[in-house]
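**Student:** See target08.cif below, with mmCIF, C-alpha atoms; chains and numbers go by the auth columns.
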data_query
#
loop_
_atom_site.group_PDB
_atom_site.id
_atom_site.type_symbol
_atom_site.label_atom_id
_atom_site.label_comp_id
_atom_site.label_asym_id
_atom_site.label_seq_id
_atom_site.Cartn_x
_atom_site.Cartn_y
_atom_site.Cartn_z
_atom_site.B_iso_or_equiv
_atom_site.auth_seq_id
_atom_site.auth_asym_id
ATOM 1 C CA MET A 1 164.818 49.089 138.330 0.00 3 S
ATOM 2 C CA SER A 2 166.504 52.177 136.888 0.00 4 S
ATOM 3 C CA ALA A 3 170.222 52.880 137.264 0.00 5 S
ATOM 4 C CA GLU A 4 169.327 56.040 139.207 0.00 6 S
ATOM 5 C CA SER A 5 167.599 54.009 141.940 0.00 7 S
ATOM 6 C CA THR A 6 170.310 51.378 142.426 0.00 8 S
ATOM 7 C CA ARG A 7 173.963 51.196 143.440 0.00 9 S
ATOM 8 C CA THR A 8 176.482 48.541 142.437 0.00 10 S
ATOM 9 C CA LEU A 9 179.075 47.546 145.047 0.00 11 S
ATOM 10 C CA ALA A 10 182.111 45.372 144.373 0.00 12 S
ATOM 11 C CA TYR A 11 185.219 43.959 146.056 0.00 13 S
ATOM 12 C CA LEU A 12 187.678 41.070 145.698 0.00 14 S
ATOM 13 C CA CYS A 13 187.177 38.302 148.246 0.00 15 S
ATOM 14 C CA PRO A 14 190.421 37.652 150.181 0.00 16 S
ATOM 15 C CA ALA A 15 189.409 34.014 150.763 0.00 17 S
ATOM 16 C CA CYS A 16 188.445 32.746 147.292 0.00 18 S
ATOM 17 C CA HIS A 17 189.862 35.658 145.228 0.00 19 S
ATOM 18 C CA ARG A 18 186.647 36.026 143.229 0.00 20 S
ATOM 19 C CA SER A 19 185.056 39.338 142.316 0.00 21 S
ATOM 20 C CA VAL A 20 181.953 39.994 144.414 0.00 22 S
ATOM 21 C CA VAL A 21 179.561 42.365 142.637 0.00 23 S
ATOM 22 C CA ILE A 22 176.217 43.147 144.272 0.00 24 S
ATOM 23 C CA GLU A 23 173.400 45.524 143.330 0.00 25 S
ATOM 24 C CA ARG A 24 171.251 47.188 145.979 0.00 26 S
ATOM 25 C CA SER A 25 168.439 49.707 145.738 0.00 27 S
ATOM 26 C CA LEU A 26 168.847 53.121 147.356 0.00 28 S
ATOM 27 C CA PHE A 27 166.001 52.152 149.676 0.00 29 S
ATOM 28 C CA GLN A 28 167.775 48.962 150.811 0.00 30 S
ATOM 29 C CA LEU A 29 170.983 50.877 151.467 0.00 31 S
ATOM 30 C CA SER A 30 169.266 53.713 153.338 0.00 32 S
ATOM 31 C CA ALA A 31 166.797 51.669 155.377 0.00 33 S
ATOM 32 C CA ALA A 32 169.260 49.619 157.459 0.00 34 S
ATOM 33 C CA PRO A 33 172.898 48.472 157.676 0.00 35 S
ATOM 34 C CA ASN A 34 173.736 46.034 154.872 0.00 36 S
ATOM 35 C CA THR A 35 175.966 42.959 154.959 0.00 37 S
ATOM 36 C CA LEU A 36 176.949 41.912 151.432 0.00 38 S
ATOM 37 C CA PRO A 37 178.629 38.474 151.559 0.00 39 S
ATOM 38 C CA CYS A 38 180.760 36.615 149.055 0.00 40 S
ATOM 39 C CA PRO A 39 179.048 33.388 147.863 0.00 41 S
ATOM 40 C CA CYS A 40 181.928 31.429 149.463 0.00 42 S
ATOM 41 C CA GLY A 41 180.715 32.647 152.864 0.00 43 S
ATOM 42 C CA LYS A 42 184.171 33.636 154.091 0.00 44 S
ATOM 43 C CA SER A 43 184.020 37.425 153.654 0.00 45 S
ATOM 44 C CA ALA A 44 181.435 40.212 153.537 0.00 46 S
ATOM 45 C CA LEU A 45 181.279 43.903 152.763 0.00 47 S
ATOM 46 C CA GLN A 46 179.408 45.885 155.417 0.00 48 S
ATOM 47 C CA VAL A 47 177.699 49.180 154.624 0.00 49 S
ATOM 48 C CA THR A 48 176.035 51.638 157.007 0.00 50 S
ATOM 49 C CA LEU A 49 174.379 54.937 156.105 0.00 51 S
ATOM 50 C CA GLU A 50 173.976 57.235 159.107 0.00 52 S
ATOM 51 C CA GLY A 51 172.962 60.842 158.747 0.00 53 S
ATOM 52 C CA SER A 52 175.070 62.426 156.029 0.00 54 S
ATOM 53 C CA ARG A 53 177.865 59.791 156.082 0.00 55 S
ATOM 54 C CA ALA A 54 178.338 56.343 154.611 0.00 56 S
ATOM 55 C CA SER A 55 180.693 53.899 156.353 0.00 57 S
ATOM 56 C CA LEU A 56 182.029 50.688 154.826 0.00 58 S
ATOM 57 C CA THR A 57 184.007 47.805 156.271 0.00 59 S
ATOM 58 C CA VAL A 58 185.844 46.234 153.348 0.00 60 S
ATOM 59 C CA PRO A 59 187.642 42.851 153.305 0.00 61 S
ATOM 60 C CA CYS A 60 190.951 43.406 151.487 0.00 62 S
ATOM 61 C CA ALA A 61 192.426 40.753 149.200 0.00 63 S
ATOM 62 C CA PHE A 62 195.798 42.532 149.111 0.00 64 S
ATOM 63 C CA CYS A 63 196.787 43.000 152.754 0.00 65 S
ATOM 64 C CA GLY A 64 194.423 40.471 154.336 0.00 66 S
ATOM 65 C CA HIS A 65 192.918 43.002 156.749 0.00 67 S
ATOM 66 C CA GLU A 66 189.583 44.814 156.792 0.00 68 S
ATOM 67 C CA HIS A 67 189.526 48.521 155.975 0.00 69 S
ATOM 68 C CA THR A 68 186.994 50.896 157.484 0.00 70 S
ATOM 69 C CA VAL A 69 186.354 53.781 155.098 0.00 71 S
ATOM 70 C CA SER A 70 183.768 56.527 154.847 0.00 72 S
ATOM 71 C CA CYS A 71 182.476 59.211 152.504 0.00 73 S
ATOM 72 C CA SER A 72 179.528 61.586 152.261 0.00 74 S
ATOM 73 C CA GLY A 73 176.167 59.903 151.933 0.00 75 S
ATOM 74 C CA HIS A 74 175.393 61.979 148.845 0.00 76 S
ATOM 75 C CA ALA A 75 178.558 60.810 147.065 0.00 77 S
ATOM 76 C CA PHE A 76 177.882 57.197 148.073 0.00 78 S
ATOM 77 C CA LEU A 77 174.355 57.303 146.645 0.00 79 S
ATOM 78 C CA HIS A 78 174.897 59.466 143.561 0.00 80 S
ATOM 79 C CA GLU A 79 178.523 59.518 142.283 0.00 81 S
ATOM 80 C CA LYS A 80 179.154 57.652 139.025 0.00 82 S
ATOM 81 C CA ALA A 81 181.978 55.695 140.680 0.00 83 S
ATOM 82 C CA LEU A 82 183.788 55.788 144.023 0.00 84 S
ATOM 83 C CA ALA A 83 186.981 53.862 144.726 0.00 85 S
ATOM 84 C CA PHE A 84 188.396 52.968 148.126 0.00 86 S
ATOM 85 C CA SER A 85 191.977 51.756 148.307 0.00 87 S
ATOM 86 C CA CYS A 86 194.314 49.693 150.485 0.00 88 S
ATOM 87 C CA ALA A 87 197.019 51.929 151.973 0.00 89 S
ATOM 88 C CA ALA A 88 199.477 49.031 152.196 0.00 90 S
ATOM 89 C CA SER A 89 199.343 48.020 148.511 0.00 91 S
ATOM 90 C CA GLY A 90 198.052 51.199 146.871 0.00 92 S
ATOM 91 C CA LEU A 91 195.486 49.077 145.010 0.00 93 S
ATOM 92 C CA ASP A 92 191.738 49.641 145.152 0.00 94 S
ATOM 93 C CA CYS A 93 189.795 47.279 147.402 0.00 95 S
ATOM 94 C CA CYS A 94 186.191 48.385 146.834 0.00 96 S
ATOM 95 C CA TYR A 95 184.032 50.231 144.310 0.00 97 S
ATOM 96 C CA VAL A 96 180.595 51.814 144.607 0.00 98 S
ATOM 97 C CA GLY A 97 178.650 53.436 141.796 0.00 99 S
ATOM 98 C CA GLU A 98 176.862 52.868 138.516 0.00 100 S
ATOM 99 C CA GLU A 99 176.927 49.312 137.192 0.00 101 S
ATOM 100 C CA GLY A 100 178.980 49.974 134.027 0.00 102 S
ATOM 101 C CA ALA A 101 181.624 52.063 135.788 0.00 103 S
ATOM 102 C CA VAL A 102 181.995 49.536 138.619 0.00 104 S
ATOM 103 C CA PHE A 103 182.329 46.549 136.259 0.00 105 S
ATOM 104 C CA GLN A 104 184.980 48.414 134.247 0.00 106 S
ATOM 105 C CA ALA A 105 186.928 49.256 137.422 0.00 107 S
ATOM 106 C CA MET A 106 186.699 45.659 138.660 0.00 108 S
ATOM 107 C CA LYS A 107 188.064 44.366 135.349 0.00 109 S
ATOM 108 C CA ARG A 108 191.164 46.522 135.853 0.00 110 S
ATOM 109 C CA LEU A 109 191.488 45.467 139.467 0.00 111 S
ATOM 110 C CA GLU A 110 191.366 41.780 138.488 0.00 112 S
ATOM 111 C CA GLU A 111 194.107 42.462 135.927 0.00 113 S
ATOM 112 C CA ALA A 112 196.273 44.106 138.607 0.00 114 S
ATOM 113 C CA ALA A 113 195.539 41.295 141.086 0.00 115 S
ATOM 114 C CA ASP A 114 196.597 38.651 138.541 0.00 116 S
ATOM 115 C CA LYS A 115 199.805 40.550 137.903 0.00 117 S
ATOM 116 C CA LEU A 116 200.445 40.850 141.649 0.00 118 S
ATOM 117 C CA GLU A 117 200.048 37.099 142.149 0.00 119 S
ATOM 118 C CA ARG A 118 202.476 36.333 139.321 0.00 120 S
ATOM 119 C CA ARG A 119 205.090 38.681 140.765 0.00 121 S
ATOM 120 C CA GLU A 120 204.690 37.881 144.452 0.00 122 S
ATOM 121 C CA GLU A 121 207.961 35.974 144.650 0.00 123 S
ATOM 122 C CA GLN A 122 209.992 38.615 142.847 0.00 124 S
ATOM 123 C CA ARG A 123 208.447 41.736 144.265 0.00 125 S
ATOM 124 C CA GLY A 124 210.193 44.871 143.074 0.00 126 S
ATOM 125 C CA THR A 125 209.790 48.541 143.889 0.00 127 S
ATOM 126 C CA PHE A 126 206.557 48.762 141.860 0.00 128 S
ATOM 127 C CA LEU A 127 203.905 46.281 140.751 0.00 129 S
ATOM 128 C CA ASP A 128 204.940 46.926 137.135 0.00 130 S
ATOM 129 C CA GLU A 129 208.117 48.961 136.651 0.00 131 S
ATOM 130 C CA LEU A 130 207.359 49.726 132.979 0.00 132 S
ATOM 131 C CA VAL A 131 203.824 50.933 133.645 0.00 133 S
ATOM 132 C CA MET A 132 204.988 53.144 136.528 0.00 134 S
ATOM 133 C CA HIS A 133 207.742 54.612 134.337 0.00 135 S
ATOM 134 C CA GLU A 134 205.243 55.408 131.549 0.00 136 S
ATOM 135 C CA VAL A 135 202.695 56.954 133.930 0.00 137 S
ATOM 136 C CA LEU A 136 205.357 59.145 135.582 0.00 138 S
ATOM 137 C CA SER A 137 206.663 60.164 132.151 0.00 139 S
ATOM 138 C CA GLU A 138 203.174 61.214 131.001 0.00 140 S
ATOM 139 C CA LEU A 139 202.634 63.012 134.306 0.00 141 S
ATOM 140 C CA LYS A 140 205.885 64.928 133.769 0.00 142 S
ATOM 141 C CA ASP A 141 204.708 66.015 130.290 0.00 143 S
ATOM 142 C CA ILE A 142 201.326 67.202 131.597 0.00 144 S
ATOM 143 C CA ALA A 143 203.058 69.111 134.410 0.00 145 S
ATOM 144 C CA ALA A 144 205.472 70.731 131.932 0.00 146 S
ATOM 145 C CA ARG A 145 202.454 72.113 130.036 0.00 147 S
ATOM 146 C CA GLY A 146 201.027 73.532 133.271 0.00 148 S
ATOM 147 C CA GLY A 147 198.172 71.066 133.064 0.00 149 S
ATOM 148 C CA ILE A 148 197.868 70.145 136.752 0.00 150 S
ATOM 149 C CA SER A 149 195.610 72.200 139.019 0.00 151 S
ATOM 150 C CA CYS A 150 193.191 71.885 141.935 0.00 152 S
ATOM 151 C CA THR A 151 189.527 72.876 141.989 0.00 153 S
ATOM 152 C CA CYS A 152 190.371 75.197 144.916 0.00 154 S
ATOM 153 C CA GLY A 153 192.366 77.342 142.460 0.00 155 S
ATOM 154 C CA CYS A 154 195.850 76.269 143.529 0.00 156 S
ATOM 155 C CA ARG A 155 198.251 75.270 140.733 0.00 157 S
ATOM 156 C CA GLU A 156 200.897 73.753 143.025 0.00 158 S
ATOM 157 C CA TRP A 157 200.933 70.057 143.858 0.00 159 S
ATOM 158 C CA LYS A 158 202.924 67.328 145.571 0.00 160 S
ATOM 159 C CA LEU A 159 203.504 63.830 144.250 0.00 161 S
ATOM 160 C CA GLU A 160 203.399 60.587 146.255 0.00 162 S
ATOM 161 C CA VAL A 161 204.523 57.426 144.432 0.00 163 S
ATOM 162 C CA LEU A 162 203.006 54.182 145.738 0.00 164 S
ATOM 163 C CA TYR A 163 203.527 50.532 144.767 0.00 165 S
ATOM 164 C CA SER A 164 200.810 50.552 142.093 0.00 166 S
ATOM 165 C CA ALA A 165 199.575 54.149 141.923 0.00 167 S
ATOM 166 C CA VAL A 166 200.592 57.785 142.201 0.00 168 S
ATOM 167 C CA VAL A 167 198.777 60.430 144.226 0.00 169 S
ATOM 168 C CA LEU A 168 198.746 64.160 143.486 0.00 170 S
ATOM 169 C CA ARG A 169 198.063 66.290 146.571 0.00 171 S
ATOM 170 C CA CYS A 170 197.161 69.962 146.799 0.00 172 S
ATOM 171 C CA PRO A 171 199.342 71.654 149.460 0.00 173 S
ATOM 172 C CA GLN A 172 196.745 74.410 149.897 0.00 174 S
ATOM 173 C CA CYS A 173 193.517 72.510 150.648 0.00 175 S
ATOM 174 C CA GLY A 174 194.701 68.897 151.053 0.00 176 S
ATOM 175 C CA GLY A 175 192.680 67.603 148.114 0.00 177 S
ATOM 176 C CA LYS A 176 194.062 64.612 146.226 0.00 178 S
ATOM 177 C CA LEU A 177 193.885 62.799 142.907 0.00 179 S
ATOM 178 C CA ARG A 178 194.846 59.120 142.714 0.00 180 S
ATOM 179 C CA LEU A 179 196.071 57.708 139.408 0.00 181 S
ATOM 180 C CA GLY A 180 196.510 53.987 138.839 0.00 182 S
ATOM 181 C CA ALA A 181 199.957 52.861 137.664 0.00 183 S
ATOM 182 C CA ALA A 182 199.632 49.087 137.517 0.00 184 S
ATOM 183 C CA THR A 183 198.182 48.038 134.150 0.00 185 S
ATOM 184 C CA ALA A 184 198.242 48.948 130.456 0.00 186 S
ATOM 185 C CA SER A 185 194.791 50.493 130.923 0.00 187 S
ATOM 186 C CA ASP A 186 196.308 52.969 133.383 0.00 188 S
ATOM 187 C CA ILE A 187 198.785 54.090 130.696 0.00 189 S
ATOM 188 C CA ASP A 188 195.956 54.476 128.164 0.00 190 S
ATOM 189 C CA ASP A 189 193.999 56.550 130.693 0.00 191 S
ATOM 190 C CA ILE A 190 196.696 59.113 131.390 0.00 192 S
ATOM 191 C CA CYS A 191 197.868 59.264 127.756 0.00 193 S
ATOM 192 C CA CYS A 192 194.475 60.589 126.657 0.00 194 S
ATOM 193 C CA LYS A 193 194.481 63.429 129.221 0.00 195 S
ATOM 194 C CA ASN A 194 195.841 66.915 128.493 0.00 196 S
ATOM 195 C CA THR A 195 195.084 68.159 132.005 0.00 197 S
ATOM 196 C CA LEU A 196 194.645 66.687 135.488 0.00 198 S
ATOM 197 C CA THR A 197 192.382 68.234 138.121 0.00 199 S
ATOM 198 C CA ILE A 198 192.754 67.518 141.814 0.00 200 S
ATOM 199 C CA GLN A 199 189.406 67.431 143.627 0.00 201 S
ATOM 200 C CA GLY A 200 189.814 70.087 146.298 0.00 202 S
ATOM 201 C CA ARG A 201 188.385 69.815 149.786 0.00 203 S
ATOM 202 C CA ARG A 202 185.647 72.328 150.365 0.00 204 S
#
Show this structure as structure tokens.
**Tutor:**
Amino acid sequence: MSAESTRTLAYLCPACHRSVVIERSLFQLSAAPNTLPCPCGKSALQVTLEGSRASLTVPCAFCGHEHTVSCSGHAFLHEKALAFSCAASGLDCCYVGEEGAVFQAMKRLEEAADKLERREEQRGTFLDELVMHEVLSELKDIAARGGISCTCGCREWKLEVLYSAVVLRCPQCGGKLRLGAATASDIDDICCKNTLTIQGRR
């Protein structure tokens, strides 16, 4: 089965804390609602495609609740990688996309989850103070060069700092760009960027 005709979906099970990675064909996803369970049987990702929208109910390993999220059906079926995050922790809770991109994202999420478990008893302002400091420092340098813009044409932006990520928002169209700030990989990611582009809302 070609990569173009399948989607890989992944999440962390809140019960057993294992990564659940499942592949489904576009036909399977489009034909009927899908329930994608963890092998432990204690959690499941639910996916429904109706009309032009995709809706997901995601078990969250970070806050213990389920999140209901949605996106365009076209993005769900064709984007290289989509990430859905937990508002309480700022960490991603689900990925959908091409196999390689999803596995890479899950590897980072596992790294952040391990770090979160180790620091649970001494929770600070951020998941990793050093990583957040480095990401904000790089962000400041990119901004100083005028390297932050939105696809809508606006060059102004607002910054929201979360526990394990930062979000750039366009004040003109409401578009946003989320940047991880939890692991060494997140530092590597932003260090190799000269510009940052917020995906504007059409």
**Student:** In Å, with one decimal, what is the gap from CA of Ser27 in chain S to CA of Ser7 in chain S?
**Tutor:** 5.8 Å
**Student:** Which distance in Å separates CA of Met134 in chain S and CA of Asp188 in chain S, to one decimal?
**Tutor:**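 The value is 9.2 Å.
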**Student:** Please list as a CSV table (one decimal) with C-alpha atoms, in the coordinates of the input every residue within 8 Å of range 145-154 of chain S, counting all atoms listed in the file and excluding residues in the same chain fewer than 2 positions away.
**Tutor:**
chain,number,residue,atom,x,y,z
S,141,LEU,CA,202.6,63.0,134.3
S,142,LYS,CA,205.9,64.9,133.8
S,143,ASP,CA,204.7,66.0,130.3
S,156,CYS,CA,195.8,76.3,143.5
S,157,ARG,CA,198.3,75.3,140.7
S,158,GLU,CA,200.9,73.8,143.0
S,159,TRP,CA,200.9,70.1,143.9
S,172,CYS,CA,197.2,70.0,146.8
S,175,CYS,CA,193.5,72.5,150.6
S,177,GLY,CA,192.7,67.6,148.1
S,196,ASN,CA,195.8,66.9,128.5
S,197,THR,CA,195.1,68.2,132.0
S,198,LEU,CA,194.6,66.7,135.5
S,199,THR,CA,192.4,68.2,138.1
S,200,ILE,CA,192.8,67.5,141.8
S,201,GLN,CA,189.4,67.4,143.6
S,202,GLY,CA,189.8,70.1,146.3
S,203,ARG,CA,188.4,69.8,149.8
S,204,ARG,CA,185.6,72.3,150.4
**Student:** Please provide as a ChimeraX atom specification all residues within 8 Å of Cys62 in chain S, with the sequence filter that same-chain residues fewer than 2 positions apart are discarded (counting only C-alpha atoms).
**Tutor:** /S:13-16,60,64-69,88,95
**Student:** Closest to Leu93 in chain S among S:Met108, S:Leu170, S:Ala17, S:Ala77, using all atoms listed in the file?
**Tutor:** S:Met108
**Student:** Find the distance between CA of Ala167 in chain S and CA of Asp191 in chain S and write it in Å to one decimal.
**Tutor:**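 Separating CA of Ala167 in chain S from CA of Asp191 in chain S is a distance of 12.8 Å.
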**Student:** Written as a list in words, what is the full residue list that the PyMOL selection byres ((chain S and resi 92) around 10) yields on the file shown?
**Tutor:**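 When the PyMOL selection byres ((chain S and resi 92) around 10) is applied, the selected residues are Phe64, Phe86, Ser87, Cys88, Ala89, Ala90, Ser91, Leu93, Asp94, Cys95, Leu129, Val163, Leu164, Tyr165, Ser166, Ala167, Val168, Val169, Arg180, Gly182, Ala183 and Ala184 of chain S.
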**Student:** Determine the nearest neighbour of Glu140 in chain S from the options S:Gly99, S:Arg171, S:Leu51, S:Asp190, counting all atoms listed in the file.
**Tutor:** S:Asp190
**Student:** Which centre and edge lengths in Å to one decimal define the box along x, y and z that fits every listed atom of range 107-121 of chain S plus 3 Å per side, as JSON?
**Tutor:**
{"center_x": 195.9, "center_y": 42.8, "center_z": 138.7, "size_x": 24.4, "size_y": 18.9, "size_z": 12.8}
**Student:** Residues of range 56-172 of chain S within 10 Å of range 29-41 of chain S: nearest atom pair and distance (Å, one decimal) for each, counting all atoms listed in the file, sorted by chain and number, as a Markdown table?
**Tutor:**
| residue | atom | partner | partner_atom | distance |
| --- | --- | --- | --- | --- |
| S:Ala56 | CA | S:Ser32 | CA | 9.5 |
| S:Ser57 | CA | S:Pro35 | CA | 9.6 |
| S:Leu58 | CA | S:Asn36 | CA | 9.5 |
| S:Thr59 | CA | S:Thr37 | CA | 9.5 |
| S:Gly75 | CA | S:Ser32 | CA | 9.4 |
| S:Phe78 | CA | S:Leu31 | CA | 10.0 |
| S:Leu79 | CA | S:Leu31 | CA | 8.7 |
**Student:** Please save C-alpha atoms of the selected residues as a CSV table (one decimal), in the coordinates of the input.
**Tutor:**
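Output contents, as saved in selection-v3.csv:
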chain,number,residue,atom,x,y,z
S,56,ALA,CA,178.3,56.3,154.6
S,57,SER,CA,180.7,53.9,156.4
S,58,LEU,CA,182.0,50.7,154.8
S,59,THR,CA,184.0,47.8,156.3
S,75,GLY,CA,176.2,59.9,151.9
S,78,PHE,CA,177.9,57.2,148.1
S,79,LEU,CA,174.4,57.3,146.6
**Student:** Here's the selection I'm unsure about, the PyMOL selection byres ((chain S and resi 73) around 6); applied to the file above, which residues does it give, as a PyMOL selection string?
**Tutor:** chain S and resi 55-56+72+74
**Student:** Can you list what the PyMOL selection byres ((chain S and resi 98) around 7) grabs from this structure, as a list in words?
**Tutor:**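 When the PyMOL selection byres ((chain S and resi 98) around 7) is applied, the selected residues are Arg9, Thr10, Leu11, Ala12, Phe78, Ala83, Leu84, Ala85, Cys96, Tyr97, Gly99 and Val104 of chain S.
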**Student:** With distances taken over all atoms listed in the file, which residue among S:Lys82, S:His76, S:Ala46, S:Glu162 lies nearest Ala107 in chain S?
**Tutor:**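 Closest to Ala107 in chain S of all the choices is S:Lys82.
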**Student:** Restricting the calculation to all atoms listed in the file: of S:Gly53, S:Cys194, S:Lys109, S:His80, which residue gets closest to Val23 in chain S?
**Tutor:**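 Using all atoms listed in the file, the shortest distance to Val23 in chain S belongs to S:Lys109.
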